[in-house]
$ cat protein-v7.csv   # CSV, C-alpha atoms
chain,number,residue,atom,x,y,z
A,29,MET,CA,115.6,89.4,68.1
A,30,THR,CA,119.3,90.2,68.5
A,31,ILE,CA,120.7,91.2,71.9
A,32,PHE,CA,123.9,93.2,72.0
A,33,TYR,CA,125.4,92.6,75.5
A,34,PHE,CA,128.2,95.0,76.6
A,35,VAL,CA,130.3,93.7,79.5
A,36,PRO,CA,133.4,95.2,81.0
A,37,ALA,CA,134.6,91.8,82.2
A,38,PHE,CA,134.1,88.2,81.1
A,39,LEU,CA,135.5,84.8,81.0
A,40,PRO,CA,138.2,83.4,81.4
A,41,LYS,CA,138.6,85.9,84.3
A,42,GLU,CA,137.0,84.6,87.5
A,43,THR,CA,135.8,87.7,89.2
A,44,GLY,CA,132.4,88.0,90.7
A,45,PHE,CA,131.4,90.3,87.8
A,46,SER,CA,132.6,88.0,85.0
A,47,ILE,CA,130.9,85.0,86.6
A,48,ALA,CA,127.6,87.0,87.0
A,49,PHE,CA,127.7,88.1,83.4
A,50,LYS,CA,128.4,84.6,82.2
A,51,ASN,CA,125.4,83.3,84.1
A,52,PHE,CA,123.2,86.0,82.8
A,53,CYS,CA,124.0,84.8,79.3
A,54,LEU,CA,123.2,81.2,80.2
A,55,SER,CA,120.0,82.2,81.8
A,56,ILE,CA,118.5,83.9,78.7
A,57,LEU,CA,119.7,81.5,76.0
A,58,ASP,CA,116.5,79.4,76.1
A,59,ASN,CA,114.3,82.4,75.5
A,60,GLU,CA,112.5,81.8,72.2
A,61,ARG,CA,112.5,85.5,71.4
A,62,ILE,CA,116.3,85.7,71.3
A,63,GLU,CA,117.8,84.5,68.0
A,64,GLN,CA,121.3,85.9,68.5
A,65,LEU,CA,123.3,87.1,71.5
A,66,TYR,CA,126.4,89.2,70.8
A,67,VAL,CA,128.7,89.4,73.8
A,68,ILE,CA,130.8,92.5,73.4
A,69,SER,CA,133.7,92.0,75.8
A,70,PRO,CA,137.4,92.9,76.5
A,71,GLU,CA,138.2,89.2,76.4
A,72,ASP,CA,139.2,87.7,73.0
A,73,ASN,CA,137.4,84.3,72.3
A,74,PRO,CA,136.0,83.6,75.8
A,75,PRO,CA,135.3,79.9,76.5
A,76,LEU,CA,131.5,80.0,76.5
A,77,ILE,CA,130.2,78.2,73.4
A,78,HIS,CA,126.6,78.2,72.3
A,79,SER,CA,125.0,78.3,68.9
A,80,LYS,CA,123.2,81.6,69.7
A,81,ILE,CA,126.4,83.4,71.0
A,82,ARG,CA,128.8,85.4,69.0
A,83,TYR,CA,131.7,87.4,70.4
A,84,ILE,CA,132.8,90.9,69.4
A,85,TYR,CA,136.2,92.0,70.8
A,86,PHE,CA,136.1,95.4,72.4
A,87,ASP,CA,139.3,96.2,74.4
A,88,LYS,CA,138.6,99.9,75.0
A,89,TYR,CA,136.5,99.7,78.2
A,90,ILE,CA,139.4,100.7,80.5
A,91,TRP,CA,140.5,103.4,78.0
A,92,CYS,CA,136.9,104.8,77.9
A,93,GLU,CA,136.6,104.7,81.7
A,94,ARG,CA,139.9,106.6,82.2
A,95,LEU,CA,138.9,109.3,79.7
A,96,VAL,CA,135.7,109.9,81.6
A,97,LYS,CA,137.3,109.8,85.0
A,98,TYR,CA,140.1,112.2,84.2
A,99,LEU,CA,138.5,114.5,81.7
A,100,GLY,CA,134.9,114.4,83.1
A,101,PRO,CA,131.8,112.9,81.5
A,102,HIS,CA,131.3,115.8,79.1
A,103,ILE,CA,134.7,116.2,77.4
A,104,GLY,CA,135.5,112.5,77.9
A,105,SER,CA,132.2,111.5,76.2
A,106,ILE,CA,132.9,113.8,73.2
A,107,ILE,CA,136.1,111.9,72.5
A,108,ILE,CA,134.5,108.5,73.2
A,109,ASN,CA,131.5,109.3,71.0
A,110,LEU,CA,133.8,110.1,68.1
A,111,TYR,CA,135.5,106.8,68.5
A,112,LEU,CA,132.2,104.9,68.9
A,113,ARG,CA,130.7,106.4,65.8
A,114,PHE,CA,133.5,104.7,63.8
A,115,TRP,CA,133.6,101.5,65.8
A,116,ILE,CA,129.8,100.9,66.0
A,117,LYS,CA,129.4,100.3,62.3
A,118,GLN,CA,130.6,96.7,62.6
A,119,LEU,CA,127.5,95.8,64.6
A,120,ASN,CA,125.0,95.9,61.7
A,121,VAL,CA,122.1,96.8,64.0
A,122,ASP,CA,118.6,96.0,62.8
A,123,GLU,CA,117.0,98.8,64.8
A,124,LYS,CA,113.5,97.4,65.2
A,125,ASN,CA,114.6,93.9,66.1
A,126,SER,CA,117.5,94.5,68.5
A,127,LEU,CA,118.2,95.5,72.1
A,128,PHE,CA,121.3,96.9,73.7
A,129,PHE,CA,122.0,95.6,77.3
A,130,VAL,CA,124.9,97.4,79.0
A,131,GLU,CA,126.4,96.3,82.3
A,132,SER,CA,127.8,98.9,84.8
A,133,VAL,CA,127.1,102.5,85.8
A,134,LEU,CA,130.6,103.3,84.6
A,135,LEU,CA,129.5,102.7,81.1
A,136,SER,CA,126.7,105.3,81.3
A,137,TYR,CA,128.3,107.4,78.5
A,138,LEU,CA,128.1,104.3,76.2
A,139,SER,CA,124.5,103.7,77.1
A,140,PHE,CA,123.7,107.4,76.3
A,141,PHE,CA,125.5,107.2,73.0
A,142,LEU,CA,123.5,104.1,72.0
A,143,HIS,CA,120.2,105.7,73.2
A,144,LYS,CA,120.8,108.8,71.1
A,145,LYS,CA,122.1,107.1,67.9
A,146,TYR,CA,119.5,104.2,67.7
A,147,LYS,CA,116.1,105.8,68.4
A,148,TYR,CA,114.2,102.6,67.6
A,149,THR,CA,116.4,100.2,69.5
A,150,PRO,CA,115.9,100.1,73.3
A,151,THR,CA,119.0,100.6,75.4
A,152,VAL,CA,118.9,99.0,78.9
A,153,THR,CA,121.7,99.5,81.5
A,154,ARG,CA,122.0,97.3,84.5
A,155,ILE,CA,123.2,98.7,87.8
A,156,HIS,CA,125.2,95.8,89.0
A,157,GLY,CA,127.9,97.0,91.5
A,158,ALA,CA,127.5,98.6,94.9
A,159,LEU,CA,126.8,102.3,94.2
A,160,PRO,CA,129.2,103.6,96.9
A,161,GLU,CA,132.0,101.8,95.1
A,162,VAL,CA,131.4,104.0,92.1
A,163,ALA,CA,132.0,107.1,94.3
A,164,ILE,CA,135.2,105.5,95.6
A,165,TRP,CA,136.5,104.8,92.1
A,166,THR,CA,135.3,108.0,90.4
A,167,GLY,CA,134.5,110.6,93.0
A,168,GLU,CA,131.1,111.7,94.2
A,169,LYS,CA,130.6,114.4,91.5
A,170,LEU,CA,131.4,112.1,88.6
A,171,ARG,CA,129.1,109.4,90.1
A,172,ARG,CA,126.3,111.9,90.1
A,173,ASP,CA,127.1,113.0,86.5
A,174,LEU,CA,127.2,109.4,85.3
A,175,MET,CA,123.9,108.6,87.0
A,176,LYS,CA,122.2,111.7,85.5
A,177,LEU,CA,123.4,110.6,82.1
A,178,LEU,CA,122.1,107.1,82.7
A,179,LEU,CA,118.7,108.4,83.8
A,180,LYS,CA,118.3,110.1,80.4
A,181,THR,CA,118.3,106.7,78.7
A,182,LYS,CA,114.9,105.9,80.4
A,183,ASN,CA,115.4,102.1,80.7
A,184,ILE,CA,117.3,100.9,83.8
A,185,SER,CA,117.7,97.3,85.0
A,186,VAL,CA,118.8,96.6,88.6
A,187,THR,CA,119.9,93.5,90.4
A,188,THR,CA,118.1,94.6,93.6
A,189,TYR,CA,115.3,96.9,94.7
A,190,HIS,CA,117.8,98.8,96.8
A,191,TYR,CA,119.0,100.6,93.7
A,192,ILE,CA,115.5,101.7,92.7
A,193,ASP,CA,115.0,103.2,96.2
A,194,TYR,CA,118.4,104.8,96.0
A,195,LEU,CA,117.8,106.5,92.7
A,196,LYS,CA,114.3,107.7,93.6
A,197,THR,CA,115.7,109.2,96.8
A,198,TYR,CA,119.0,110.5,95.6
A,199,PHE,CA,117.7,112.1,92.4
A,200,SER,CA,114.3,113.0,93.8
A,201,LEU,CA,112.5,111.1,91.0
A,202,LYS,CA,108.8,111.8,90.8
A,203,GLN,CA,106.1,109.1,90.6
A,204,ASP,CA,105.2,110.1,87.1
A,205,ASN,CA,108.7,110.0,85.7
A,206,GLU,CA,109.2,108.2,82.4
A,207,ILE,CA,111.9,105.8,83.6
A,208,LYS,CA,111.2,102.1,83.4
A,209,PHE,CA,112.8,99.9,86.0
A,210,PHE,CA,113.4,96.2,85.5
A,211,ILE,CA,114.6,93.8,88.3
A,212,ILE,CA,117.1,91.3,86.7
A,213,PRO,CA,119.0,89.7,89.6
A,214,ASN,CA,122.1,87.6,89.5
A,215,SER,CA,121.3,84.0,89.0
A,216,LEU,CA,122.6,80.4,88.7
A,217,PRO,CA,121.5,77.1,87.4
A,218,LYS,CA,119.9,75.0,90.1
A,219,VAL,CA,122.6,73.0,91.8
A,220,LYS,CA,122.7,69.7,93.7
A,221,VAL,CA,123.2,70.6,97.3
A,222,ASN,CA,126.0,68.7,99.0
A,223,ASN,CA,124.9,68.1,102.6
A,224,SER,CA,127.2,65.1,103.1
A,225,THR,CA,129.7,67.0,105.4
A,226,LYS,CA,128.7,66.5,109.0
A,227,ARG,CA,129.3,69.3,111.5
A,228,ASN,CA,130.4,67.2,114.4
A,229,ASN,CA,129.6,70.2,116.7
A,230,LYS,CA,131.9,72.4,114.7
A,231,LEU,CA,130.9,75.7,113.2
A,232,LYS,CA,132.6,76.3,109.9
A,233,LEU,CA,132.5,79.9,108.8
A,234,MET,CA,133.6,81.5,105.5
A,235,GLN,CA,134.2,85.0,104.3
A,236,LEU,CA,135.3,86.1,100.8
A,237,GLY,CA,136.2,89.4,99.2
A,238,ARG,CA,138.9,91.5,97.6
A,239,MET,CA,141.7,92.6,99.9
A,240,ASP,CA,142.8,95.7,98.2
A,241,LYS,CA,142.1,98.9,100.2
A,242,GLN,CA,138.6,99.4,98.9
A,243,GLY,CA,137.6,95.7,99.1
A,244,TYR,CA,139.0,95.2,102.6
A,245,PHE,CA,137.0,98.2,103.8
A,246,GLN,CA,133.8,97.2,101.9
A,247,LYS,CA,133.7,93.6,103.0
A,248,GLY,CA,134.2,94.3,106.7
A,249,PHE,CA,137.2,92.0,107.2
A,250,GLN,CA,138.4,94.2,110.1
A,251,ASP,CA,135.0,93.8,111.8
A,252,THR,CA,135.5,90.0,111.7
A,253,LEU,CA,138.9,90.3,113.2
A,254,GLN,CA,137.6,92.5,116.0
A,255,ALA,CA,134.8,90.0,116.6
A,256,PHE,CA,137.3,87.1,116.9
A,257,TYR,CA,139.6,89.1,119.2
A,258,TYR,CA,136.6,90.0,121.4
A,259,LEU,CA,135.4,86.4,121.6
A,260,GLU,CA,138.9,85.3,122.7
A,261,THR,CA,139.0,87.8,125.5
A,262,ILE,CA,135.6,86.8,126.9
A,263,TYR,CA,135.3,83.1,126.4
A,264,SER,CA,137.5,80.1,127.2
A,265,PRO,CA,139.5,78.0,124.7
A,266,ARG,CA,137.0,75.2,125.2
A,267,ASP,CA,134.1,77.5,124.1
A,268,LEU,CA,135.9,78.5,121.0
A,269,ALA,CA,137.7,75.4,120.0
A,270,ASP,CA,135.0,74.3,117.6
A,271,ILE,CA,134.9,77.5,115.6
A,272,GLU,CA,136.7,77.5,112.2
A,273,CYS,CA,136.9,80.2,109.6
A,274,THR,CA,138.1,80.2,106.0
A,275,PHE,CA,138.9,83.5,104.5
A,276,ILE,CA,139.4,83.9,100.7
A,277,GLY,CA,140.8,87.0,99.2
A,278,ASN,CA,143.8,88.6,97.7
A,279,GLY,CA,145.2,92.1,97.4
A,280,ASP,CA,147.6,94.6,99.0
A,281,LEU,CA,146.3,94.0,102.5
A,282,SER,CA,146.2,90.1,102.4
A,283,ASN,CA,149.7,89.7,104.1
A,284,GLU,CA,148.8,92.2,106.8
A,285,PHE,CA,145.5,90.4,107.4
A,286,LYS,CA,147.3,87.1,107.7
A,287,LYS,CA,149.6,88.5,110.4
A,288,HIS,CA,146.5,89.6,112.3
A,289,LEU,CA,145.0,86.1,112.0
A,290,SER,CA,148.2,84.6,113.5
A,291,LYS,CA,147.6,86.4,116.8
A,292,LEU,CA,144.4,84.4,117.4
A,293,LYS,CA,145.0,81.6,119.9
A,294,TYR,CA,141.8,79.5,119.9
A,295,ILE,CA,139.7,80.2,116.8
A,296,LYS,CA,141.1,78.2,113.9
A,297,THR,CA,141.5,80.3,110.7
A,298,LYS,CA,143.1,80.0,107.3
A,299,LEU,CA,143.5,82.5,104.4
A,300,LEU,CA,143.5,81.3,100.8
A,301,THR,CA,144.7,83.7,98.1
A,302,SER,CA,144.6,83.4,94.3
A,303,ILE,CA,142.5,80.2,94.1
A,304,SER,CA,140.2,79.2,91.2
A,305,ASN,CA,136.4,79.5,91.4
A,306,ASP,CA,136.2,75.7,91.4
A,307,LYS,CA,138.2,75.6,94.7
A,308,VAL,CA,136.1,78.4,96.1
A,309,GLN,CA,133.1,76.2,95.5
A,310,LEU,CA,134.7,73.4,97.3
A,311,GLU,CA,135.3,75.6,100.3
A,312,LEU,CA,131.8,76.8,100.1
A,313,ASP,CA,130.5,73.2,100.2
A,314,ARG,CA,132.5,72.6,103.4
A,315,SER,CA,131.1,75.7,105.2
A,316,ASP,CA,128.0,76.1,107.3
A,317,VAL,CA,127.7,79.9,107.7
A,318,ILE,CA,128.8,82.7,105.4
A,319,LEU,CA,130.0,85.9,107.0
A,320,MET,CA,129.0,89.1,105.1
A,321,PRO,CA,129.6,92.0,107.5
A,322,SER,CA,129.8,94.4,104.6
A,323,ARG,CA,129.8,98.2,105.1
A,324,TYR,CA,128.0,98.4,101.7
A,325,GLU,CA,127.1,95.8,99.2
A,326,GLY,CA,125.4,95.3,95.9
A,327,MET,CA,123.9,92.0,95.0
A,328,SER,CA,126.9,89.7,95.7
A,329,MET,CA,127.5,86.9,93.2
A,330,PHE,CA,129.2,85.0,96.0
A,331,ALA,CA,126.0,85.3,98.1
A,332,THR,CA,124.0,84.0,95.2
A,333,GLU,CA,126.2,80.9,95.0
A,334,ALA,CA,126.0,80.4,98.8
A,335,LEU,CA,122.2,80.8,98.6
A,336,ALA,CA,122.0,78.1,95.9
A,337,LYS,CA,124.0,75.8,98.1
A,338,GLY,CA,121.8,76.3,101.1
A,339,LYS,CA,124.1,78.2,103.4
A,340,ALA,CA,123.1,80.3,106.5
A,341,PHE,CA,124.3,83.9,106.7
A,342,ILE,CA,125.4,86.5,109.1
A,343,PHE,CA,125.0,89.7,107.2
A,344,THR,CA,124.5,93.5,107.3
A,345,SER,CA,121.0,94.5,106.0
A,346,ASP,CA,122.2,97.7,104.3
A,347,GLY,CA,122.3,97.7,100.5
A,348,GLY,CA,121.5,94.9,98.0
A,349,MET,CA,121.5,92.0,100.4
A,350,ARG,CA,118.1,92.8,101.7
A,351,ASP,CA,116.4,91.0,98.7
A,352,MET,CA,118.4,87.8,99.3
A,353,ILE,CA,118.8,87.3,103.1
A,354,PHE,CA,116.2,87.9,105.7
A,355,ASN,CA,116.7,88.2,109.5
A,356,ASN,CA,115.8,84.9,111.3
A,357,TYR,CA,114.7,83.4,108.0
A,358,ASN,CA,118.0,82.4,106.3
A,359,GLY,CA,120.4,84.5,108.3
A,360,ILE,CA,121.1,86.8,111.2
A,361,SER,CA,121.2,90.6,110.5
A,362,ILE,CA,123.8,92.8,112.1
A,363,ARG,CA,124.6,96.5,111.9
A,364,PRO,CA,127.5,97.6,109.7
A,365,PHE,CA,130.7,98.2,111.7
A,366,ASP,CA,129.3,96.4,114.8
A,367,TYR,CA,131.7,93.7,115.7
A,368,LEU,CA,130.0,93.0,119.0
A,369,GLU,CA,126.8,92.1,117.1
A,370,LEU,CA,128.9,89.9,114.8
A,371,ALA,CA,130.5,88.1,117.7
A,372,LYS,CA,127.0,87.5,119.3
A,373,ALA,CA,125.6,86.1,116.0
A,374,ILE,CA,128.5,83.7,115.6
A,375,LEU,CA,128.0,82.3,119.2
A,376,ASP,CA,124.2,82.1,118.5
A,377,LEU,CA,124.7,79.9,115.5
A,378,LYS,CA,127.5,77.9,117.2
A,379,ASN,CA,125.0,76.9,120.0
A,380,SER,CA,122.1,76.2,117.6
A,381,SER,CA,122.6,73.6,115.0
A,382,SER,CA,118.8,73.5,114.4
A,383,LYS,CA,118.8,77.2,113.5
A,384,ILE,CA,121.5,76.6,110.9
A,385,ASP,CA,119.5,73.7,109.4
A,386,LEU,CA,116.4,75.9,109.2
A,387,PHE,CA,118.3,78.8,107.6
A,388,SER,CA,119.9,76.4,105.1
A,389,SER,CA,116.6,75.0,104.0
A,390,ASN,CA,115.1,78.5,103.6
A,391,SER,CA,118.1,79.7,101.5
A,392,ILE,CA,117.5,76.9,99.0
A,393,LYS,CA,113.8,77.7,99.0
A,394,LEU,CA,114.4,81.4,98.4
A,395,PHE,CA,117.0,80.6,95.6
A,396,ASN,CA,114.6,78.4,93.7
A,397,GLN,CA,111.8,81.0,94.0
A,398,GLU,CA,113.8,84.1,92.9
A,399,PHE,CA,117.3,83.5,91.7
A,400,SER,CA,117.5,80.4,89.4
A,401,HIS,CA,118.2,80.8,85.7
A,402,GLU,CA,114.6,80.0,85.0
A,403,LYS,CA,113.4,82.9,87.1
A,404,THR,CA,115.9,85.3,85.5
A,405,ASN,CA,114.7,84.2,82.0
A,406,GLU,CA,111.1,85.0,83.0
A,407,LYS,CA,112.1,88.4,84.2
A,408,PHE,CA,114.1,89.2,81.1
A,409,ASP,CA,111.2,88.1,79.0
A,410,VAL,CA,109.0,90.7,80.8
A,411,LEU,CA,111.6,93.3,79.8
A,412,LEU,CA,111.5,92.2,76.2
A,413,LYS,CA,107.7,92.3,76.0
A,414,THR,CA,107.6,95.7,77.6
A,415,LEU,CA,110.1,97.3,75.3
A,416,HIS,CA,109.3,95.5,72.0
A,417,ASP,CA,105.7,94.5,72.0

$ encode --input "protein-v7.csv" --output "structure tokens"
Amino acid sequence: MTIFYFVPAFLPKETGFSIAFKNFCLSILDNERIEQLYVISPEDNPPLIHSKIRYIYFDKYIWCERLVKYLGPHIGSIIINLYLRFWIKQLNVDEKNSLFFVESVLLSYLSFFLHKKYKYTPTVTRIHGALPEVAIWTGEKLRRDLMKLLLKTKNISVTTYHYIDYLKTYFSLKQDNEIKFFIIPNSLPKVKVNNSTKRNNKLKLMQLGRMDKQGYFQKGFQDTLQAFYYLETIYSPRDLADIECTFIGNGDLSNEFKKHLSKLKYIKTKLLTSISNDKVQLELDRSDVILMPSRYEGMSMFATEALAKGKAFIFTSDGGMRDMIFNNYNGISIRPFDYLELAKAILDLKNSSSKIDLFSSNSIKLFNQEFSHEKTNEKFDVLLKTLHD
């Protein structure tokens, strides 16, 4: 079987999406059903080499997204369809022995085009990002139009159950609808956990995310600041001296955020911008607890990496994190926007090293059960059997 895999971002870029898409490829390569995997990407000659992988350069993703955004999904799709009818000929699709797998709600018009043109080839679209982000990028009406278009393709993959609940509620889907849902989460190869760094009574926190306007709001950086300010007004320097936090992020608001950090007197912080994923992993190894006070969240690739390395979490339970982190199992749940709960959770873990150890052990256990490459390959095999057997 041949898989045509459409991705709007890929290596050598080191975004959460491109890393997630790379790992999806790696997770399914051992599947005996797959003879060839075509990665259709805006990157020319990405550095991922495997005998089953071939690359097709497609640099029109941004162009297509802008057409749909500014002209609407109906007029925009007409223009895109005319272009795709010409471009698609190079794929040489064997209709009864192929599958299209498309990443991103924003490419719903592409999924619908493939669904209509190739009646004997299943088209599956994976909802991968946080759905509220789609509304921020495109506007609420366009998000709804894109989702309606996507639902017509009948086969939808999601990284988390949250999206299934969202679609059933938001679009009032009936129990007897013809849509097939497949859970294909982010995944990683099993990693050797580095537990060599001793805490020495210190609590090492870490938070990561984009620091453009949308990312700063989404990831709840302001809530972390407020929690730290609150702790410094209530507790003594001695109580807070052993708390350290590394922030990783870059964007329009990173300089302003750095100025806010400089006002802290007792909690040690540092902000790292524009660092490679290898250095992110080093910082992750040094950390004890991952802060994720997100206002909304999909299935974070960074959270998957932290899970694999056995980290404890402080997190908001809204959105896609609920499949990965469980209150008092491998993390502490807080409400979105609630910096007082965040501050309380930080102190709770500072005063309970045994709880961090328990959460760490449970994170590794959960990762091996649900989010390793082997598990993703098993779930993708179910998808293939369902749509092709």

$ closest_residue --input "protein-v7.csv" --among "A:Leu377, A:Leu216, A:Leu281, A:Ile84" --to "A:Ser55" --atoms "only C-alpha atoms"
A:Leu216

$ closest_residue --input "protein-v7.csv" --among "A:Lys296, A:Pro150, A:Asp87, A:Glu369" --to "A:Asp122" --atoms "all atoms listed in the file"
A:Pro150

$ residues_around --input "protein-v7.csv" --residues "stretch 177-187 of chain A" --least-positions-apart "4" --cutoff "10 Å" --atoms "only C-alpha atoms" --output "number ranges by chain"
A: 101-102, 129-131, 133-144, 150-157, 171-173, 191-192, 195, 199, 201, 205-215, 326-328, 348, 351, 408, 411, 415

$ atom_distance --input "protein-v7.csv" --atom1 "atom CA of A:Met320" --atom2 "atom CA of A:Gly44"
14.8 Å

$ atom_distance --input "protein-v7.csv" --atom1 "atom CA of A:Gly237" --atom2 "atom CA of A:Ile47"
14.4 Å

$ closest_residue --input "protein-v7.csv" --among "A:Pro364, A:Gly279, A:Pro265, A:Gly104" --to "A:Thr252" --atoms "all atoms listed in the file"
A:Pro364

$ residues_around --input "protein-v7.csv" --residues "A:Ser400" --least-positions-apart "6" --cutoff "12 Å" --atoms "all atoms listed in the file" --output "mmCIF file with C-alpha atoms, in the frame of the given file"
data_model
loop_
_atom_site.group_PDB
_atom_site.id
_atom_site.type_symbol
_atom_site.label_atom_id
_atom_site.label_comp_id
_atom_site.auth_asym_id
_atom_site.auth_seq_id
_atom_site.Cartn_x
_atom_site.Cartn_y
_atom_site.Cartn_z
ATOM 1 C CA ASN A 51 125.400 83.300 84.100
ATOM 2 C CA PHE A 52 123.200 86.000 82.800
ATOM 3 C CA LEU A 54 123.200 81.200 80.200
ATOM 4 C CA SER A 55 120.000 82.200 81.800
ATOM 5 C CA ILE A 56 118.500 83.900 78.700
ATOM 6 C CA ILE A 212 117.100 91.300 86.700
ATOM 7 C CA PRO A 213 119.000 89.700 89.600
ATOM 8 C CA ASN A 214 122.100 87.600 89.500
ATOM 9 C CA SER A 215 121.300 84.000 89.000
ATOM 10 C CA LEU A 216 122.600 80.400 88.700
ATOM 11 C CA PRO A 217 121.500 77.100 87.400
ATOM 12 C CA LYS A 218 119.900 75.000 90.100
ATOM 13 C CA VAL A 219 122.600 73.000 91.800
ATOM 14 C CA THR A 332 124.000 84.000 95.200
ATOM 15 C CA GLU A 333 126.200 80.900 95.000
ATOM 16 C CA LEU A 335 122.200 80.800 98.600
ATOM 17 C CA ALA A 336 122.000 78.100 95.900
ATOM 18 C CA LYS A 337 124.000 75.800 98.100
ATOM 19 C CA ILE A 392 117.500 76.900 99.000
ATOM 20 C CA LYS A 393 113.800 77.700 99.000
ATOM 21 C CA LEU A 394 114.400 81.400 98.400
ATOM 22 C CA GLU A 406 111.100 85.000 83.000
ATOM 23 C CA LYS A 407 112.100 88.400 84.200
#

$ residues_around --input "protein-v7.csv" --residues "A:Ile262" --least-positions-apart "5" --cutoff "12 Å" --atoms "only C-alpha atoms" --output "ChimeraX atom specification"
/A:255-257,267-268,294,368,371-372,375

$ closest_residue --input "protein-v7.csv" --among "A:Lys287, A:Lys230, A:His401, A:Lys124" --to "A:Arg314" --atoms "only C-alpha atoms"
A:Lys230

$ atom_distance --input "protein-v7.csv" --atom1 "atom CA of A:Phe86" --atom2 "atom CA of A:Phe45"
16.9 Å

$ residues_around --input "protein-v7.csv" --residues "A:Ser69" --least-positions-apart "3" --cutoff "8 Å" --atoms "only C-alpha atoms" --output "compact mmCIF listing (two decimals) with C-alpha atoms, in the coordinates of the input"
# COMPACT_ATOMS: atom_id res chain seq x y z
CA PHE A 34 128.20 95.00 76.60
CA VAL A 35 130.30 93.70 79.50
CA PRO A 36 133.40 95.20 81.00
CA ALA A 37 134.60 91.80 82.20
CA PHE A 38 134.10 88.20 81.10
CA ASP A 72 139.20 87.70 73.00
CA TYR A 83 131.70 87.40 70.40
CA ILE A 84 132.80 90.90 69.40
CA TYR A 85 136.20 92.00 70.80
CA PHE A 86 136.10 95.40 72.40
CA ASP A 87 139.30 96.20 74.40

$ residues_near_point --input "protein-v7.csv" --point "(125.1, 97.2, 72.3)" --cutoff "6 Å" --atoms "only C-alpha atoms" --output "short mmCIF file (atom, residue, chain, number, x, y, z; two decimals) with C-alpha atoms, keeping the file's coordinate frame"
data_model
loop_
_atom_site.label_atom_id
_atom_site.label_comp_id
_atom_site.auth_asym_id
_atom_site.auth_seq_id
_atom_site.Cartn_x
_atom_site.Cartn_y
_atom_site.Cartn_z
CA PHE A 32 123.90 93.20 72.00
CA TYR A 33 125.40 92.60 75.50
CA PHE A 34 128.20 95.00 76.60
CA PHE A 128 121.30 96.90 73.70
#

$ closest_residue --input "protein-v7.csv" --among "A:Asp313, A:Pro74, A:Gly347, A:Ser200" --to "A:Lys220" --atoms "only C-alpha atoms"
A:Asp313

$ closest_residue --input "protein-v7.csv" --among "A:Lys291, A:Lys202, A:Lys378, A:Arg323" --to "A:Ile271" --atoms "all atoms listed in the file"
A:Lys378

$ closest_atom_pairs --input "protein-v7.csv" --of "stretch 143-217 of chain A" --to "stretch 118-121 of chain A" --cutoff "12 Å" --atoms "all atoms listed in the file" --output "Markdown table"
| residue | atom | partner | partner_atom | distance |
| --- | --- | --- | --- | --- |
| A:Lys145 | CA | A:Val121 | CA | 11.0 |
| A:Tyr146 | CA | A:Val121 | CA | 8.7 |
| A:Lys147 | CA | A:Val121 | CA | 11.7 |
| A:Tyr148 | CA | A:Val121 | CA | 10.4 |
| A:Thr149 | CA | A:Val121 | CA | 8.6 |
| A:Pro150 | CA | A:Val121 | CA | 11.7 |

$ residues_near_point --input "protein-v7.csv" --point "(123.4, 89.8, 67.5)" --cutoff "8 Å" --atoms "only C-alpha atoms" --output "list in words"
Met29, Thr30, Ile31, Phe32, Glu63, Gln64, Leu65, Tyr66, Ile81, Arg82, Leu119, Val121 and Ser126 of chain A

$ decode --input "protein-v7.csv" --residues "stretch 170-179 of chain A" --atoms "N, CA and C atoms" --output "JSON list (two decimals), in the first residue's frame"
[["chain", "number", "residue", "atom", "x", "y", "z"],
["A", 170, "LEU", "N", -15.17, 30.98, 9.42],
["A", 170, "LEU", "CA", -14.35, 30.16, 8.53],
["A", 170, "LEU", "C", -14.01, 28.84, 9.19],
["A", 171, "ARG", "N", -13.75, 28.86, 10.48],
["A", 171, "ARG", "CA", -13.48, 27.60, 11.18],
["A", 171, "ARG", "C", -14.66, 26.65, 11.01],
["A", 172, "ARG", "N", -15.87, 27.18, 11.20],
["A", 172, "ARG", "CA", -17.05, 26.33, 11.09],
["A", 172, "ARG", "C", -17.20, 25.81, 9.65],
["A", 173, "ASP", "N", -16.95, 26.67, 8.67],
["A", 173, "ASP", "CA", -17.05, 26.24, 7.27],
["A", 173, "ASP", "C", -16.01, 25.17, 6.95],
["A", 174, "LEU", "N", -14.79, 25.33, 7.45],
["A", 174, "LEU", "CA", -13.74, 24.33, 7.21],
["A", 174, "LEU", "C", -14.11, 23.00, 7.85],
["A", 175, "MET", "N", -14.66, 23.04, 9.06],
["A", 175, "MET", "CA", -15.03, 21.80, 9.73],
["A", 175, "MET", "C", -16.18, 21.11, 9.03],
["A", 176, "LYS", "N", -17.14, 21.88, 8.53],
["A", 176, "LYS", "CA", -18.25, 21.27, 7.77],
["A", 176, "LYS", "C", -17.72, 20.56, 6.52],
["A", 177, "LEU", "N", -16.75, 21.20, 5.87],
["A", 177, "LEU", "CA", -16.14, 20.60, 4.68],
["A", 177, "LEU", "C", -15.43, 19.32, 5.06],
["A", 178, "LEU", "N", -14.73, 19.36, 6.18],
["A", 178, "LEU", "CA", -13.97, 18.19, 6.63],
["A", 178, "LEU", "C", -14.89, 17.02, 6.97],
["A", 179, "LEU", "N", -16.02, 17.31, 7.62],
["A", 179, "LEU", "CA", -16.94, 16.24, 8.02],
["A", 179, "LEU", "C", -17.52, 15.50, 6.81]]
